[in-house]
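Chemist: So that we are looking at the same thing, I have put the structure below in structure tokens.
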Amino acid sequence: MDGRSFLYSKIYMKGMLDMQEKLKNLKKLAEEQIKSAGNLEEVEKLRVDLLGKKGELTKILKEMGKLSADEKPIIGKLGNEIREMITEGIAEKKESIKSAMLEKKLEMEKIDVTMPGKEFKVGKKHIISKMVDEVTEIFMGMGFSIAEGPEIETVRNNFDALNAPKDHPSRDMTDTFYITEDILLRTQTSPVQVRTMEEAVKNNDLPLKIIVPGRCFRSDSPDATHSPMFHQIEVLVVGKDITFTEFKGTMETFVKKLFGPETKTKFRPHNFPFTEPSAEIDVSCFKCGGAGCPVCKGEGWIEILGAGMVHPNVLRNCGIDPEVYSGFAAGMGVERLGMLKYGIDDIRLMFENDVRFLDQF
């Protein structure tokens with residue numbers, strides 16, 4: 001070997017030794033970094049930094065062009081071994097982290113089968129809905145159907161057609177919510193009577209037996225027995241030869257089914273513009289049986305609703321001949337029925353959404 005060849009040999013040898021040293025250092029560094037990686041994101045970043053197109057191993061191996069043909073296989077083999085070592089190390093580290101994550105998750109989500117189950121609360125009907133359904137079911141069992149109408153009404157349907165005088169106190173601004181001079185929030189469900197009778201005349205669909213459940217509005221200050229919004233159920237029967245006896249029998253049947261078979265009824269004369277004759281209906285106290293108690297204020301009787309025979313003027317206003325047809329009507333407050341049946345002393349409790357109160361029914 002001449003001097004020049006010997007010199008080139010030493011230069012190549014030095015280049016190979018430098019690359020071997022770099023690869024060994026990279027291997028050591030990779031082992032330390034893989035070991036210290038704390039999560040999958042760090043491991044993935046490490047893989048890119050070491051093995052990616054611009055990674056440290058790639059940078060070192062690009063220097064192989066400086067090596068001789070005999071040295072390239074040596075460095076190539078070492079480089080492949082280190083690549084395989086890093087690849088396997090990263091894969092094992094990922095599996096280790098995933099396993100630890102799963103174990104931690106299982107530890108957090110483990111179920112103690114000896115612990116009592118969580119209480120699952122199911123909602124129930126509100127007492128007002130319950131009373132509406134109960135009253136509706138009773139009357140439907142007697143052959144009545146349900147009618148509905150708008151809560152925003154005309155003065156004509158709410159007052160005029162129902163024979164209410166122009167100077168009736170209920171027409172005052174202090175009692176009624178007026179939207180315009182001729183439009184208001186209905187003060188009772190009775191306007192549906194007017195709408196239903198007029199529709200029946202139009203369609204030649206008499207006789208009628210309907211009940212009308214719905215919300216009503218009056219300008220009352222809230223207190224224990226009053227609310228500006230409340231619920232009412234209207235009862236209306238119109239047909240030929242309908243008598244007070246049928247009216248009385250129907251209401252007595254309703255009362256017994258709602259409050260119990262031993263309940264008695266008492267009809268007291270009253271004055272309503274839309275019925276003639278009119279009556280307030282009392283029932284014997286279902287708590288004390290008429291003996292007197294706090295529920296009936298010691299009287300033995302409880303007032304539950306107003307009713308009467310449909311006034312001939314109301315029939316005429318709806319296009320029905322009172323010489324041919326007659327009928328009876330009744331209106332009852334749903335909240336009042338609930339208060340009486342369940343001994344509730346303040347109507348406001350029904351609207352305050354206190355679960356402790358509502359759960360009792």
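Ligands are numbered from 1 in the order shown, chains are lettered A, B, ... in the order of the structure tokens, and residues start at 1 in each chain.
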Extract, using only C-alpha atoms, all DNA, RNA and protein residues at most 12 Å from Lys59 (chain A), discarding same-chain residues fewer than 2 positions from it, and format them as a VMD selection string.
Modeler: chain A and resid 19 22 to 23 26 49 to 57 61 to 65 79
Chemist: Identify all residues of region 76-309 of chain A in helix (DSSP H, G or I) (DSSP on the backbone) and supply them as a count of residues only.
Modeler: 86
Chemist: Can you check which residues of region 17-263 of chain A DSSP gives as strand (DSSP E) on the backbone and send them as a short mmCIF file (atom, residue, chain, number, x, y, z; two decimals) with N, CA and C atoms, in the first residue's frame?
Modeler:
data_model
loop_
_atom_site.label_atom_id
_atom_site.label_comp_id
_atom_site.auth_asym_id
_atom_site.auth_seq_id
_atom_site.Cartn_x
_atom_site.Cartn_y
_atom_site.Cartn_z
N SER A 145 -118.53 14.19 26.08
CA SER A 145 -117.32 14.34 25.27
C SER A 145 -116.60 15.62 25.69
N ILE A 146 -115.35 15.75 25.26
CA ILE A 146 -114.53 16.89 25.66
C ILE A 146 -114.52 17.95 24.56
N ILE A 152 -107.84 33.20 24.67
CA ILE A 152 -108.09 34.60 24.32
C ILE A 152 -109.46 34.66 23.64
N GLU A 153 -110.38 35.41 24.23
CA GLU A 153 -111.77 35.38 23.78
C GLU A 153 -112.28 36.77 23.44
N THR A 154 -113.47 36.77 22.84
CA THR A 154 -114.17 38.03 22.57
C THR A 154 -115.06 38.37 23.75
N ILE A 183 -111.42 42.32 23.16
CA ILE A 183 -110.70 41.05 23.31
C ILE A 183 -110.16 40.95 24.74
N LEU A 184 -110.25 39.76 25.31
CA LEU A 184 -109.80 39.57 26.70
C LEU A 184 -109.30 38.15 26.92
N LEU A 185 -108.66 37.93 28.07
CA LEU A 185 -108.35 36.58 28.52
C LEU A 185 -109.61 36.03 29.18
N LEU A 208 -126.37 18.03 22.87
CA LEU A 208 -124.98 18.16 23.28
C LEU A 208 -124.78 17.62 24.70
N LYS A 209 -123.65 16.97 24.92
CA LYS A 209 -123.21 16.60 26.27
C LYS A 209 -121.70 16.76 26.30
N ILE A 210 -121.23 17.90 26.82
CA ILE A 210 -119.79 18.16 26.79
C ILE A 210 -119.26 18.61 28.15
N ILE A 211 -117.96 18.42 28.33
CA ILE A 211 -117.24 19.05 29.43
C ILE A 211 -116.10 19.84 28.80
N VAL A 212 -115.73 20.93 29.47
CA VAL A 212 -114.71 21.83 28.92
C VAL A 212 -113.65 22.10 29.99
N PRO A 213 -112.56 21.36 30.00
CA PRO A 213 -111.48 21.69 30.93
C PRO A 213 -110.55 22.74 30.33
N GLY A 214 -110.01 23.63 31.16
CA GLY A 214 -109.09 24.62 30.62
C GLY A 214 -108.71 25.68 31.63
N ARG A 215 -107.75 26.53 31.21
CA ARG A 215 -107.28 27.62 32.07
C ARG A 215 -108.14 28.86 31.92
N CYS A 216 -108.27 29.59 33.02
CA CYS A 216 -109.01 30.84 33.03
C CYS A 216 -108.18 31.91 33.74
N PHE A 217 -108.58 33.18 33.56
CA PHE A 217 -107.76 34.27 34.08
C PHE A 217 -108.66 35.36 34.66
N MET A 229 -104.43 33.06 37.64
CA MET A 229 -104.61 31.99 36.64
C MET A 229 -105.08 30.74 37.39
N PHE A 230 -106.13 30.11 36.90
CA PHE A 230 -106.66 28.92 37.56
C PHE A 230 -107.29 28.02 36.51
N HIS A 231 -107.73 26.86 36.91
CA HIS A 231 -108.30 25.88 35.98
C HIS A 231 -109.76 25.64 36.33
N GLN A 232 -110.56 25.48 35.28
CA GLN A 232 -111.99 25.25 35.46
C GLN A 232 -112.44 24.10 34.58
N ILE A 233 -113.51 23.46 34.98
CA ILE A 233 -114.15 22.45 34.13
C ILE A 233 -115.62 22.80 34.00
N GLU A 234 -116.03 23.03 32.78
CA GLU A 234 -117.41 23.39 32.47
C GLU A 234 -118.18 22.13 32.09
N VAL A 235 -119.43 22.07 32.49
CA VAL A 235 -120.32 20.96 32.12
C VAL A 235 -121.51 21.55 31.38
N LEU A 236 -121.88 20.98 30.24
CA LEU A 236 -123.02 21.49 29.48
C LEU A 236 -123.80 20.34 28.86
N VAL A 237 -125.11 20.36 29.08
CA VAL A 237 -126.02 19.43 28.42
C VAL A 237 -127.13 20.24 27.77
N VAL A 238 -127.39 20.02 26.49
CA VAL A 238 -128.49 20.68 25.78
C VAL A 238 -129.22 19.63 24.96
N GLY A 239 -130.53 19.59 25.12
CA GLY A 239 -131.34 18.63 24.37
C GLY A 239 -132.81 18.92 24.58
N LYS A 240 -133.62 18.09 24.06
CA LYS A 240 -135.06 18.26 24.23
C LYS A 240 -135.50 17.64 25.55
#
Chemist: Work out how far CA of Lys287 (chain A) is from CA of Met140 (chain A), in Å to one decimal.
Modeler: 26.6 Å
Chemist: Of the candidates A:Ala147, A:Arg356, A:Val192, A:Lys130, which one gets nearest to Tyr342 (chain A) if we count only C-alpha atoms?
Modeler: A:Lys130
Chemist: Using only C-alpha atoms, which residues sit within 12 Å of His311 (chain A) once same-chain residues fewer than 2 positions away are excluded, as a PyMOL selection string?
Modeler: chain A and resi 161-164+238+271-278+307-309+313-318+320-323+325-329
Chemist: Given the choices A:Met85, A:Met131, A:Met142, A:Val334, which gets closest to Ile34 (chain A) if the distance is worked out from only C-alpha atoms?
Modeler: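 That would be A:Met85, the residue with the smallest distance to Ile34 (chain A).
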Chemist: CA of Asn353 (chain A) and CA of Phe177 (chain A) are how many Å apart?
Modeler: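 The value is 25.0 Å.
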Chemist: With only C-alpha atoms as the counted atoms, please give the residues lying no more than 12 Å from Phe286 (chain A), apart from itself and same-chain residues fewer than 3 positions off, as a PDB file with N, CA and C atoms, in the first residue's frame.
Modeler:
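So the final result, stored in part.pdb, reads:
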ATOM      1  N   VAL A 255    -120.701  13.711  42.093  1.00  0.00           N
ATOM      2  CA  VAL A 255    -120.190  13.949  43.455  1.00  0.00           C
ATOM      3  C   VAL A 255    -119.866  12.631  44.147  1.00  0.00           C
ATOM      4  N   LYS A 256    -120.722  11.653  44.022  1.00  0.00           N
ATOM      5  CA  LYS A 256    -120.490  10.369  44.688  1.00  0.00           C
ATOM      6  C   LYS A 256    -119.264   9.653  44.120  1.00  0.00           C
ATOM      7  N   LEU A 258    -116.673  11.144  42.777  1.00  0.00           N
ATOM      8  CA  LEU A 258    -115.458  11.901  43.086  1.00  0.00           C
ATOM      9  C   LEU A 258    -115.106  11.831  44.573  1.00  0.00           C
ATOM     10  N   PHE A 259    -116.105  11.971  45.436  1.00  0.00           N
ATOM     11  CA  PHE A 259    -115.842  12.063  46.867  1.00  0.00           C
ATOM     12  C   PHE A 259    -116.243  10.823  47.660  1.00  0.00           C
ATOM     13  N   GLY A 260    -116.913   9.878  47.020  1.00  0.00           N
ATOM     14  CA  GLY A 260    -117.295   8.662  47.735  1.00  0.00           C
ATOM     15  C   GLY A 260    -118.798   8.455  47.732  1.00  0.00           C
ATOM     16  N   PRO A 261    -119.239   7.190  47.781  1.00  0.00           N
ATOM     17  CA  PRO A 261    -120.673   6.865  47.649  1.00  0.00           C
ATOM     18  C   PRO A 261    -121.551   7.375  48.786  1.00  0.00           C
ATOM     19  N   GLU A 262    -120.959   7.698  49.932  1.00  0.00           N
ATOM     20  CA  GLU A 262    -121.756   8.171  51.067  1.00  0.00           C
ATOM     21  C   GLU A 262    -121.993   9.671  51.031  1.00  0.00           C
ATOM     22  N   THR A 263    -121.376  10.358  50.052  1.00  0.00           N
ATOM     23  CA  THR A 263    -121.466  11.820  49.984  1.00  0.00           C
ATOM     24  C   THR A 263    -122.883  12.262  49.594  1.00  0.00           C
ATOM     25  N   LYS A 264    -123.375  13.264  50.317  1.00  0.00           N
ATOM     26  CA  LYS A 264    -124.694  13.824  50.027  1.00  0.00           C
ATOM     27  C   LYS A 264    -124.540  15.199  49.380  1.00  0.00           C
ATOM     28  N   THR A 265    -125.559  15.636  48.651  1.00  0.00           N
ATOM     29  CA  THR A 265    -125.522  16.943  47.993  1.00  0.00           C
ATOM     30  C   THR A 265    -126.651  17.830  48.498  1.00  0.00           C
ATOM     31  N   ASP A 282    -123.543  22.166  47.360  1.00  0.00           N
ATOM     32  CA  ASP A 282    -122.717  21.792  48.510  1.00  0.00           C
ATOM     33  C   ASP A 282    -122.691  20.272  48.622  1.00  0.00           C
ATOM     34  N   VAL A 283    -121.616  19.761  49.203  1.00  0.00           N
ATOM     35  CA  VAL A 283    -121.550  18.322  49.478  1.00  0.00           C
ATOM     36  C   VAL A 283    -121.287  18.128  50.960  1.00  0.00           C
ATOM     37  N   GLY A 289    -118.082  13.553  57.535  1.00  0.00           N
ATOM     38  CA  GLY A 289    -119.398  12.973  57.271  1.00  0.00           C
ATOM     39  C   GLY A 289    -120.547  13.872  57.650  1.00  0.00           C
ATOM     40  N   GLY A 290    -120.253  15.167  57.850  1.00  0.00           N
ATOM     41  CA  GLY A 290    -121.318  16.105  58.190  1.00  0.00           C
ATOM     42  C   GLY A 290    -121.352  16.487  59.649  1.00  0.00           C
ATOM     43  N   ALA A 291    -120.478  15.902  60.455  1.00  0.00           N
ATOM     44  CA  ALA A 291    -120.491  16.181  61.889  1.00  0.00           C
ATOM     45  C   ALA A 291    -119.884  17.542  62.214  1.00  0.00           C
ATOM     46  N   GLY A 292    -119.019  18.044  61.344  1.00  0.00           N
ATOM     47  CA  GLY A 292    -118.345  19.318  61.589  1.00  0.00           C
ATOM     48  C   GLY A 292    -116.872  19.124  61.913  1.00  0.00           C
ATOM     49  N   CYS A 293    -116.012  19.787  61.142  1.00  0.00           N
ATOM     50  CA  CYS A 293    -114.570  19.656  61.359  1.00  0.00           C
ATOM     51  C   CYS A 293    -113.879  20.868  60.743  1.00  0.00           C
ATOM     52  N   PRO A 294    -112.544  21.009  60.908  1.00  0.00           N
ATOM     53  CA  PRO A 294    -111.849  22.168  60.333  1.00  0.00           C
ATOM     54  C   PRO A 294    -111.991  22.275  58.823  1.00  0.00           C
ATOM     55  N   VAL A 295    -112.089  21.152  58.131  1.00  0.00           N
ATOM     56  CA  VAL A 295    -112.201  21.200  56.668  1.00  0.00           C
ATOM     57  C   VAL A 295    -113.481  21.900  56.233  1.00  0.00           C
ATOM     58  N   CYS A 296    -114.600  21.598  56.892  1.00  0.00           N
ATOM     59  CA  CYS A 296    -115.886  22.221  56.536  1.00  0.00           C
ATOM     60  C   CYS A 296    -116.218  23.398  57.443  1.00  0.00           C
ATOM     61  N   GLY A 300    -120.383  21.105  58.359  1.00  0.00           N
ATOM     62  CA  GLY A 300    -120.822  19.806  57.871  1.00  0.00           C
ATOM     63  C   GLY A 300    -121.020  19.760  56.368  1.00  0.00           C
ATOM     64  N   TRP A 301    -120.993  20.949  55.716  1.00  0.00           N
ATOM     65  CA  TRP A 301    -121.180  21.032  54.269  1.00  0.00           C
ATOM     66  C   TRP A 301    -120.054  21.854  53.636  1.00  0.00           C
ATOM     67  N   ILE A 302    -119.731  21.503  52.371  1.00  0.00           N
ATOM     68  CA  ILE A 302    -118.678  22.212  51.649  1.00  0.00           C
ATOM     69  C   ILE A 302    -119.210  22.615  50.270  1.00  0.00           C
ATOM     70  N   GLU A 303    -119.087  23.896  49.935  1.00  0.00           N
ATOM     71  CA  GLU A 303    -119.507  24.361  48.611  1.00  0.00           C
ATOM     72  C   GLU A 303    -118.471  23.925  47.566  1.00  0.00           C
ATOM     73  N   LEU A 340    -110.144  20.769  48.437  1.00  0.00           N
ATOM     74  CA  LEU A 340    -111.141  20.135  49.301  1.00  0.00           C
ATOM     75  C   LEU A 340    -110.856  18.647  49.488  1.00  0.00           C
ATOM     76  N   LYS A 341    -110.556  17.964  48.394  1.00  0.00           N
ATOM     77  CA  LYS A 341    -110.364  16.514  48.471  1.00  0.00           C
ATOM     78  C   LYS A 341    -109.136  16.131  49.271  1.00  0.00           C
ATOM     79  N   TYR A 342    -108.083  16.933  49.160  1.00  0.00           N
ATOM     80  CA  TYR A 342    -106.828  16.563  49.813  1.00  0.00           C
ATOM     81  C   TYR A 342    -106.471  17.445  51.006  1.00  0.00           C
ATOM     82  N   GLY A 343    -107.396  18.307  51.412  1.00  0.00           N
ATOM     83  CA  GLY A 343    -107.154  19.102  52.615  1.00  0.00           C
ATOM     84  C   GLY A 343    -106.036  20.116  52.466  1.00  0.00           C
TER      85      GLY A 343
END
Chemist: List the neighbours of Ala91 (chain A) out to 12 Å using only C-alpha atoms; skip same-chain residues closer than 2 positions along the sequence, and give me the result as a PyMOL selection string.
Modeler: chain A and resi 34-35+40+43-44+46-47+84-89+93-98
Chemist: Between CA of Arg195 (chain A) and CA of Gly149 (chain A), what is the spacing in Å?
Modeler: 7.8 Å
